[in-house]
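Structure file structure_10.txt (compact mmCIF, C-alpha atoms and all ligand atoms) follows.
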```
# COMPACT_ATOMS: atom_id res chain seq x y z
CA MET A 299 152.11 132.52 23.62
CA PRO A 300 148.54 133.11 24.89
CA GLU A 301 146.59 135.82 23.02
CA PRO A 302 146.22 139.13 24.93
CA ASP A 303 143.22 139.56 27.23
CA VAL A 304 140.04 141.37 26.25
CA VAL A 305 139.47 144.33 28.57
CA VAL A 306 135.83 145.03 29.42
CA ALA A 307 134.32 147.75 31.63
CA PRO A 308 132.86 146.13 34.76
CA GLY A 309 129.34 147.44 34.13
CA ALA A 310 129.31 146.16 30.53
CA LEU A 311 130.66 142.79 31.63
CA ALA A 312 127.99 142.43 34.35
CA ALA A 313 125.23 143.44 31.91
CA PHE A 314 126.53 140.88 29.35
CA ALA A 315 126.63 138.15 32.01
CA GLN A 316 123.10 139.05 33.08
CA ARG A 317 121.82 138.88 29.48
CA LEU A 318 123.40 135.44 29.03
CA LEU A 319 121.73 134.13 32.18
CA GLU A 320 118.38 135.60 31.15
CA GLY A 321 118.96 133.89 27.80
CA VAL A 322 118.68 130.49 29.51
CA GLY A 323 115.54 131.52 31.41
CA VAL A 324 116.96 132.86 34.68
CA THR A 325 114.80 135.63 36.18
CA ALA A 326 116.19 139.16 35.95
CA ALA A 327 116.70 139.37 39.73
CA LYS A 328 118.65 136.10 39.98
CA ALA A 329 120.59 136.85 36.79
CA GLN A 330 121.63 140.22 38.20
CA LEU A 331 122.74 138.62 41.47
CA VAL A 332 124.84 135.93 39.77
CA ALA A 333 126.33 138.38 37.24
CA GLY A 334 127.15 140.88 40.01
CA SER A 335 128.83 138.21 42.15
CA LEU A 336 130.98 136.96 39.26
CA VAL A 337 132.11 140.42 38.17
CA ALA A 338 132.82 141.30 41.82
CA ALA A 339 135.29 138.37 41.85
CA ASN A 340 136.87 139.57 38.59
CA LEU A 341 137.21 143.07 40.01
CA ARG A 342 139.06 141.65 43.02
CA GLY A 343 141.41 139.78 40.68
CA VAL A 344 139.86 136.40 41.59
CA ASP A 345 139.36 135.50 37.91
CA SER A 346 139.02 131.80 38.75
CA HIS A 347 135.61 132.72 40.21
CA GLY A 348 134.57 135.43 37.80
CA VAL A 349 132.83 135.22 34.42
CA GLN A 350 135.04 132.24 33.57
CA LEU A 351 132.42 130.21 35.49
CA LEU A 352 129.50 131.48 33.44
CA PRO A 353 129.68 129.08 30.46
CA TYR A 354 129.50 126.20 32.96
CA TYR A 355 126.56 127.69 34.85
CA LEU A 356 124.72 128.23 31.53
CA GLU A 357 125.32 124.62 30.48
CA GLN A 358 124.19 123.34 33.86
CA ILE A 359 120.89 125.19 33.43
CA GLU A 360 120.48 124.23 29.76
CA TRP A 361 121.12 120.57 30.59
CA SER A 362 118.74 120.74 33.59
CA ASP A 363 121.53 119.74 35.97
CA MET A 364 120.62 122.84 38.02
CA ASP A 365 117.07 124.20 38.57
CA ALA A 366 117.16 127.96 38.01
CA ARG A 367 113.55 128.27 39.26
CA ALA A 368 114.13 126.66 42.68
CA ASP A 369 114.41 128.98 45.68
CA GLY A 370 114.95 126.30 48.33
CA ARG A 371 113.16 126.10 51.67
CA VAL A 372 113.88 126.28 55.39
CA ILE A 373 113.95 122.74 56.79
CA SER A 374 114.28 123.79 60.42
CA GLU A 375 115.08 126.82 62.57
CA ASN A 376 115.96 126.25 66.18
CA GLY A 377 117.50 129.08 68.24
CA ALA A 378 120.61 130.24 66.38
CA CYS A 379 120.60 127.27 63.98
CA LEU A 380 118.94 127.09 60.60
CA LEU A 381 119.02 124.22 58.10
CA TYR A 382 118.18 125.00 54.49
CA ASP A 383 117.40 122.77 51.51
CA GLY A 384 118.68 124.46 48.37
CA GLN A 385 116.53 122.18 46.15
CA ASN A 386 119.27 122.27 43.49
CA GLY A 387 118.67 126.00 42.93
CA ILE A 388 121.31 128.47 41.74
CA GLY A 389 124.08 128.58 44.38
CA GLN A 390 124.24 132.38 44.50
CA SER A 391 120.50 132.61 45.03
CA ILE A 392 120.60 130.08 47.90
CA ALA A 393 123.62 131.84 49.43
CA GLU A 394 121.84 135.22 49.28
CA ILE A 395 118.85 133.80 51.18
CA CYS A 396 121.07 132.02 53.73
CA CYS A 397 123.16 135.16 54.38
CA ALA A 398 119.96 137.12 55.07
CA HIS A 399 118.88 134.43 57.56
CA ALA A 400 122.34 134.46 59.18
CA VAL A 401 122.25 138.25 59.65
CA ARG A 402 118.68 138.18 60.96
CA ILE A 403 119.35 135.38 63.45
CA ALA A 404 122.72 136.77 64.65
CA SER A 405 121.14 140.19 65.24
CA ALA A 406 118.49 138.56 67.41
CA GLN A 407 120.50 135.78 69.06
CA GLY A 408 124.12 137.00 69.00
CA MET A 409 125.25 134.24 66.64
CA ALA A 410 123.88 132.26 63.71
CA ALA A 411 124.85 129.01 62.06
CA VAL A 412 123.00 128.55 58.78
CA VAL A 413 123.78 125.44 56.76
CA ALA A 414 122.43 124.73 53.28
CA ARG A 415 122.48 121.35 51.56
CA GLU A 416 121.54 120.43 47.98
CA SER A 417 122.94 123.74 46.78
CA ASN A 418 125.08 124.65 43.78
CA HIS A 419 128.41 126.42 43.20
CA PHE A 420 128.17 129.90 44.76
CA GLY A 421 131.36 131.42 43.29
CA ALA A 422 133.87 133.12 45.59
CA ALA A 423 133.06 132.70 49.28
CA ALA A 424 134.15 136.30 49.97
CA PHE A 425 131.06 137.73 48.27
CA TRP A 426 128.89 136.02 50.91
CA ALA A 427 131.07 136.57 53.98
CA GLN A 428 131.14 140.27 53.02
CA LYS A 429 127.32 140.35 53.02
CA ILE A 430 127.49 139.31 56.69
CA SER A 431 130.33 141.71 57.62
CA ALA A 432 128.46 144.56 55.90
CA ALA A 433 125.77 144.06 58.56
CA GLY A 434 128.36 144.62 61.32
CA HIS A 435 128.89 140.93 62.10
CA ILE A 436 131.88 138.67 61.65
CA GLY A 437 131.05 136.47 58.65
CA ILE A 438 132.54 133.00 58.20
CA VAL A 439 131.59 131.05 55.09
CA MET A 440 132.68 127.61 53.90
CA CYS A 441 131.50 125.05 51.40
CA ASN A 442 132.40 121.60 50.24
CA ALA A 443 133.13 121.09 46.55
CA SER A 444 133.45 118.32 43.98
CA SER A 445 136.21 115.82 44.73
CA LEU A 446 139.42 116.81 42.99
CA VAL A 447 141.78 116.39 45.93
CA PRO A 448 143.18 113.24 47.53
CA PRO A 449 143.47 113.10 51.27
CA TRP A 450 147.18 113.53 52.15
CA GLN A 451 149.19 110.45 51.10
CA GLY A 452 146.35 109.24 48.84
CA LYS A 453 146.11 109.21 45.04
CA GLN A 454 142.38 109.29 44.38
CA PRO A 455 140.13 112.33 44.78
CA ARG A 456 137.96 112.27 47.90
CA LEU A 457 137.73 115.92 48.93
CA GLY A 458 137.00 119.25 47.28
CA THR A 459 138.97 122.47 47.29
CA ASN A 460 136.64 123.30 50.23
CA PRO A 461 137.20 127.05 50.79
CA ILE A 462 137.22 128.90 54.11
CA CYS A 463 136.47 132.62 54.24
CA MET A 464 136.24 135.13 57.06
CA ALA A 465 135.22 138.78 56.66
CA VAL A 466 135.16 141.45 59.37
CA PRO A 467 133.84 145.02 59.33
CA GLY A 468 136.59 147.45 58.36
CA GLY A 469 137.89 150.45 60.26
CA GLU A 470 140.28 153.05 58.82
CA GLU A 471 142.36 150.24 57.30
CA LYS A 472 140.90 148.12 54.51
CA PRO A 473 139.04 145.21 56.10
CA TRP A 474 140.97 142.01 56.72
CA LEU A 475 139.38 139.45 54.40
CA LEU A 476 140.69 135.91 54.20
CA ASP A 477 139.24 133.82 51.37
CA MET A 478 141.16 130.66 50.55
CA ALA A 479 140.80 127.22 49.11
CA THR A 480 142.15 124.43 51.32
CA THR A 481 144.28 123.38 48.35
CA THR A 482 147.38 125.38 47.33
CA VAL A 483 145.07 127.27 44.94
CA ALA A 484 141.48 127.06 43.71
CA ALA A 485 140.90 124.59 40.83
CA GLY A 486 139.67 127.49 38.68
CA LYS A 487 143.24 128.85 38.50
CA ILE A 488 144.29 125.68 36.68
CA PHE A 489 141.24 125.88 34.39
CA LYS A 490 142.15 129.51 33.73
CA ALA A 491 145.67 128.49 32.70
CA LYS A 492 144.34 125.73 30.44
CA ILE A 493 141.52 127.63 28.74
CA ASN A 494 143.73 130.66 28.07
CA GLY A 495 146.67 128.69 26.66
CA GLN A 496 149.23 129.13 29.45
CA PRO A 497 151.92 126.45 28.99
CA GLN A 498 152.68 125.89 32.69
CA ILE A 499 151.28 126.25 36.18
CA PRO A 500 153.51 126.91 39.21
CA ALA A 501 155.00 123.93 41.05
CA GLY A 502 153.02 122.89 44.11
CA TRP A 503 149.54 123.42 42.64
CA ALA A 504 148.75 119.95 41.37
CA MET A 505 149.71 116.31 40.85
CA ASP A 506 149.14 113.78 38.10
CA SER A 507 146.75 110.88 38.68
CA GLU A 508 149.51 108.91 40.43
CA GLY A 509 150.09 111.71 42.93
CA VAL A 510 153.34 112.91 41.30
CA PRO A 511 153.67 116.74 41.25
CA THR A 512 153.15 118.34 37.80
CA THR A 513 153.33 121.81 36.25
CA ASP A 514 151.46 120.83 33.06
CA PRO A 515 147.89 122.28 33.14
CA GLU A 516 146.44 119.41 31.05
CA THR A 517 147.98 116.71 33.28
CA ALA A 518 146.87 118.63 36.36
CA LEU A 519 143.28 118.81 35.14
CA LYS A 520 143.23 115.06 34.59
CA GLY A 521 145.02 114.55 37.91
CA LEU A 522 144.67 115.89 41.43
CA LEU A 523 144.94 119.15 43.32
CA MET A 524 147.53 119.54 46.07
CA PRO A 525 146.19 119.91 49.63
CA LEU A 526 147.32 123.17 51.23
CA GLY A 527 150.40 122.57 53.38
CA GLY A 528 150.23 118.77 53.22
CA TYR A 529 148.19 116.95 55.85
CA LYS A 530 147.11 120.25 57.44
CA GLY A 531 145.18 121.15 54.27
CA SER A 532 143.56 117.72 54.29
CA GLY A 533 142.56 118.34 57.91
CA LEU A 534 141.05 121.74 57.08
CA ALA A 535 139.19 120.29 54.08
CA MET A 536 137.76 117.60 56.36
CA MET A 537 136.73 120.28 58.86
CA VAL A 538 134.80 122.05 56.08
CA GLU A 539 133.29 118.76 54.90
CA ILE A 540 132.08 118.05 58.44
CA LEU A 541 130.66 121.52 59.15
CA CYS A 542 128.96 121.71 55.75
CA ALA A 543 128.03 118.25 54.55
CA VAL A 544 128.06 115.90 57.55
CA LEU A 545 126.22 118.39 59.74
CA SER A 546 123.60 119.30 57.12
CA GLY A 547 122.82 115.71 56.09
CA GLY A 548 124.00 116.69 52.59
CA ALA A 549 126.14 114.95 49.96
CA MET A 550 129.69 114.11 51.05
CA SER A 551 132.99 113.49 49.27
CA THR A 552 132.46 111.53 46.02
CA GLU A 553 128.64 111.85 46.24
CA LEU A 554 129.02 115.38 44.87
CA GLY A 555 128.74 116.28 41.22
CA GLY A 556 130.68 119.23 39.83
CA ILE A 557 130.08 122.31 37.72
CA ARG A 558 132.03 120.76 34.86
CA PHE A 559 130.32 117.33 35.03
CA ARG A 560 127.12 116.81 33.07
CA GLY A 561 124.12 114.72 34.06
CA LYS A 562 124.64 114.92 37.81
CA PRO A 563 123.50 117.61 40.26
CA VAL A 564 126.34 119.32 42.15
CA ARG A 565 124.77 118.86 45.62
CA VAL A 566 127.23 121.02 47.58
CA SER A 567 126.60 122.14 51.16
CA GLN A 568 127.48 125.60 52.48
CA MET A 569 127.86 127.03 55.98
CA PHE A 570 127.21 130.68 56.82
CA LEU A 571 128.27 131.71 60.33
CA ALA A 572 127.55 135.16 61.74
CA ILE A 573 128.86 136.53 65.05
CA ASP A 574 127.31 139.73 66.37
CA ILE A 575 130.32 141.80 67.47
CA ALA A 576 128.17 144.11 69.56
CA ARG A 577 127.48 141.25 71.98
CA PHE A 578 131.18 141.31 72.89
CA LEU A 579 132.25 144.93 72.55
CA PRO A 580 131.11 148.11 70.75
CA VAL A 581 131.56 147.69 66.98
CA ASP A 582 133.64 150.91 66.75
CA GLU A 583 136.03 149.54 69.38
CA PHE A 584 136.31 146.29 67.41
CA ARG A 585 137.08 148.26 64.24
CA ALA A 586 139.78 150.29 66.05
CA ARG A 587 141.30 147.12 67.50
CA MET A 588 141.33 145.53 64.02
CA ASP A 589 143.12 148.63 62.69
CA GLY A 590 145.69 148.26 65.47
CA LEU A 591 146.28 144.58 64.71
CA ILE A 592 146.59 145.18 60.97
CA ARG A 593 149.02 148.08 61.50
CA GLN A 594 151.11 145.91 63.80
CA MET A 595 151.34 143.24 61.08
CA LYS A 596 152.20 145.77 58.40
CA ALA A 597 154.88 147.37 60.54
CA THR A 598 156.83 144.08 60.44
CA PRO A 599 160.14 144.60 58.61
CA PRO A 600 159.88 142.80 55.25
CA ALA A 601 161.96 139.69 54.68
CA VAL A 602 164.66 139.56 51.99
CA GLY A 603 163.05 139.74 48.55
CA TYR A 604 159.92 141.59 49.74
CA SER A 605 159.19 145.30 49.97
CA GLU A 606 156.29 145.15 52.46
CA VAL A 607 154.11 142.92 54.60
CA LEU A 608 150.51 142.42 53.49
CA VAL A 609 147.48 141.03 55.29
CA ALA A 610 144.69 138.93 53.83
CA GLY A 611 142.52 140.95 51.48
CA ASP A 612 145.24 143.47 50.54
CA PRO A 613 146.05 142.05 47.08
CA GLU A 614 142.35 141.98 46.16
CA TRP A 615 141.51 145.49 47.48
CA ARG A 616 144.40 146.88 45.43
CA MET A 617 143.36 144.97 42.33
CA GLU A 618 139.78 146.16 42.71
CA GLU A 619 140.86 149.79 42.86
CA GLU A 620 142.91 149.29 39.70
CA ARG A 621 140.29 147.34 37.72
CA ARG A 622 137.48 149.75 38.57
CA GLN A 623 139.55 152.31 36.68
CA SER A 624 141.09 150.25 33.90
CA GLY A 625 138.46 147.55 33.30
CA VAL A 626 138.43 143.77 33.75
CA PRO A 627 140.89 141.75 31.65
CA VAL A 628 139.14 138.58 30.45
CA GLY A 629 141.34 135.78 29.10
CA ARG A 630 140.85 135.10 25.36
CA GLY A 631 139.71 131.52 25.95
CA THR A 632 137.10 132.67 28.44
CA TRP A 633 136.00 135.48 26.12
CA HIS A 634 135.58 133.04 23.20
CA ALA A 635 133.49 130.73 25.41
CA LEU A 636 131.26 133.65 26.46
CA CYS A 637 130.85 134.83 22.85
CA GLU A 638 130.01 131.28 21.72
CA ALA A 639 127.31 131.10 24.39
CA ALA A 640 126.03 134.51 23.26
CA ASP A 641 125.79 133.27 19.63
CA ARG A 642 123.97 130.14 20.70
CA LEU A 643 121.49 132.08 22.86
CA GLY A 644 121.03 135.02 20.49
CA VAL A 645 122.44 137.47 23.02
CA ALA A 646 124.42 140.58 22.08
CA ALA A 647 128.05 140.64 23.25
CA PRO A 648 129.61 144.01 24.15
CA VAL A 649 131.57 145.53 21.28
CA ILE A 650 135.26 145.51 22.17
CA ALA A 651 137.73 147.52 20.10
CA GLY A 652 139.98 145.19 18.05
CA ASP A 653 138.11 142.00 19.07
CA THR A 654 137.45 139.46 16.35
CA ALA A 655 135.87 136.74 18.54
N1 LIG A 701 132.85 127.80 45.48
C1 LIG A 701 133.78 126.90 45.56
O1 LIG A 701 133.50 125.72 45.46
C2 LIG A 701 135.22 127.29 45.77
C3 LIG A 701 136.16 126.30 46.01
C4 LIG A 701 137.49 126.68 46.21
C5 LIG A 701 137.85 128.02 46.17
N2 LIG A 701 136.91 128.95 45.93
C6 LIG A 701 137.27 130.37 45.84
O2 LIG A 701 138.50 130.49 45.13
C7 LIG A 701 139.03 131.79 45.40
C8 LIG A 701 140.52 131.74 45.35
O3 LIG A 701 141.07 130.93 46.39
P1 LIG A 701 142.66 130.73 46.51
O4 LIG A 701 142.95 129.88 47.69
O5 LIG A 701 143.19 130.31 45.19
O6 LIG A 701 143.10 132.25 46.80
P2 LIG A 701 144.56 132.90 46.94
O7 LIG A 701 145.58 131.87 47.20
O8 LIG A 701 144.76 133.80 45.78
O9 LIG A 701 144.39 133.83 48.23
C9 LIG A 701 144.07 133.29 49.48
C10 LIG A 701 144.09 134.37 50.55
O10 LIG A 701 145.43 134.79 50.77
C11 LIG A 701 145.52 136.20 50.83
N3 LIG A 701 146.84 136.61 50.36
C12 LIG A 701 147.34 136.51 49.10
N4 LIG A 701 148.58 136.99 49.04
C13 LIG A 701 148.89 137.39 50.30
C14 LIG A 701 150.05 137.97 50.89
N5 LIG A 701 151.16 138.22 50.18
N6 LIG A 701 150.03 138.27 52.21
C15 LIG A 701 148.91 138.02 52.95
N7 LIG A 701 147.78 137.46 52.45
C16 LIG A 701 147.78 137.16 51.14
C17 LIG A 701 144.43 136.69 49.92
O11 LIG A 701 144.03 138.00 50.29
C18 LIG A 701 143.32 135.64 50.19
O12 LIG A 701 142.55 136.03 51.30
C19 LIG A 701 138.38 132.20 46.73
O13 LIG A 701 137.51 133.26 46.43
C20 LIG A 701 137.57 131.00 47.17
O14 LIG A 701 136.36 131.29 47.85
C21 LIG A 701 135.60 128.62 45.74
```
Here is the file; what I need is its structure written in the form of structure tokens.
Ligand SMILES: NC(=O)c1ccc[n+]([C@@H]2O[C@H](COP(=O)([O-])OP(=O)(O)OC[C@H]3O[C@@H](n4cnc5c(N)ncnc54)[C@H](O)[C@@H]3O)[C@@H](O)[C@H]2O)c1
Amino acid sequence: MPEPDVVVAPGALAAFAQRLLEGVGVTAAKAQLVAGSLVAANLRGVDSHGVQLLPYYLEQIEWSDMDARADGRVISENGACLLYDGQNGIGQSIAEICCAHAVRIASAQGMAAVVARESNHFGAAAFWAQKISAAGHIGIVMCNASSLVPPWQGKQPRLGTNPICMAVPGGEEKPWLLDMATTTVAAGKIFKAKINGQPQIPAGWAMDSEGVPTTDPETALKGLLMPLGGYKGSGLAMMVEILCAVLSGGAMSTELGGIRFRGKPVRVSQMFLAIDIARFLPVDEFRARMDGLIRQMKATPPAVGYSEVLVAGDPEWRMEEERRQSGVPVGRGTWHALCEAADRLGVAAPVIAGDTA
């Protein structure tokens, strides 16, 4: 049986994450951004993209696989289109800059397509799409990722879990917020199961290296992730690969490194799309129409075995409300990895009642 989680207050967890990043030489501003984005994912219940990622980010910086000092540069800006070179900087830092460009350009031009190449892992896409929706625009964010997924009917990895996210400004209802890998689940969910000692993962998440479905986390990690909905997931992953990597002139498919591979830069590409709602209809009218659509979905009678109909974003909004009150549960394996990093870097870990890590 896995050991029980360690529960940490969100503020203490973010401060700990920031100290760890500063411990490997990241500036306070960038460390705060990365820490805030990771804990935001934990708060939403997206633990695959929370502080579980931090030990890998720290190693990437310590091994000089990622350049924490790089800020990237604009390669070109032409009308609504901007191309950015991330210069192997921290993914969150590049994404923050690109979101600001997307909002600026969409406010002036009605739409913006900002694409970054030579970037690094930016965590959960929702954090960035929400930056755009907070400015009153529709935000669509995608990225390619290290190859862990075969194209449908294949048995060697050629594609990443290539997420697609769309965020819209909210009305009276909680905002609709779709943030999904183009595999059945994000790879981090399998890492979470493995690192925290869970014996099995659900069927449909992964395959062994021969393409045979497996529920064993270890076999899955050595094997392949399952494309979402068969060939349709492969098609969506290719769409992301095209919009991010082909279009930007960035690394494609097996040219990418990965956050868990040493000695190779990650080289992901990311797309940030912003659509200025006000160019189509008043933002308040859009919000009211979104409320109407969401209410129509939720008024659907639930199918057998369900008590209600949800829309994208609902599980995470609910989890966030709960975790803001009760704290963030961090798996024991993840907590040990964070405490080990803290020991190595001479950083103080938060004191948790009953913790012997
Ligand atoms: N940076 C990267 O390289 C990378 C790669 C892959 C995934 N990710 C991130 O991984 C995270 C997790 O992705 P995932 O695909 O495992 O997420 P998931 O399967 O948990 O959720 C996907 C979406 O489905 C919605 N959803 C869940 N249950 C629902 C229900 N009952 N009814 C209606 N909607 C429902 C959620 O609100 C969410 O928007 C995302 O934040 C994504 O950005 C990042």
Which residues are near ligand LIG 701 (chain A) in this structure, taking near to mean any atom at most 9 Å from a ligand atom and counting all atoms listed in the file? Format them as a ChimeraX atom specification.
/A:339,343-347,389,418-425,439-444,458-464,474-487,526,566,606-615
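Closest to Phe584 in chain A among A:Ala406, A:Ala312, A:Ala307, A:Ile436 is A:Ile436, based on all atoms listed in the file.
Note that the spacing between CA of His634 in chain A and CA of Leu352 in chain A amounts to 12.0 Å.
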For Leu519 in chain A, the closest of A:Lys490, A:Ala501, A:Leu534, A:Gly547 counting all atoms listed in the file is A:Lys490
Just the number, please: distance in Å from CA of Glu301 in chain A to CA of Glu638 in chain A, one decimal.
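We find that CA of Glu301 in chain A and CA of Glu638 in chain A lie 17.2 Å from each other.
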Proximity to Ala313 in chain A - best of A:Gly437, A:Pro563, A:Gly377, A:Gly334, only C-alpha atoms:
A:Gly334
One number please: CA of Pro497 in chain A to CA of Gly527 in chain A, in Å, one decimal.
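CA of Gly527 in chain A lies 24.7 Å from CA of Pro497 in chain A.
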Which residue is closest to Pro449 in chain A? Choose from A:Gly556, A:Pro302, A:Pro525, A:Gly644 and count only C-alpha atoms.
A:Pro525
A:Gln568, A:Glu357, A:Asp303, A:Pro500 ranked by distance to Gln390 in chain A, top pick (using all atoms listed in the file)
A:Gln568
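Using all atoms listed in the file, the nearest neighbour of Ser532 in chain A within the list A:Ala646, A:Ala410, A:Val447, A:Ile430 is A:Val447.
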Excluding Cys397 in chain A and its own-chain neighbours fewer than 3 positions away, which residues fall within 8 Å of it when counting all atoms listed in the file? Please give them as JSON, numbers by chain.
{"A": [393, 394, 400, 401, 412, 426, 429, 430, 570]}
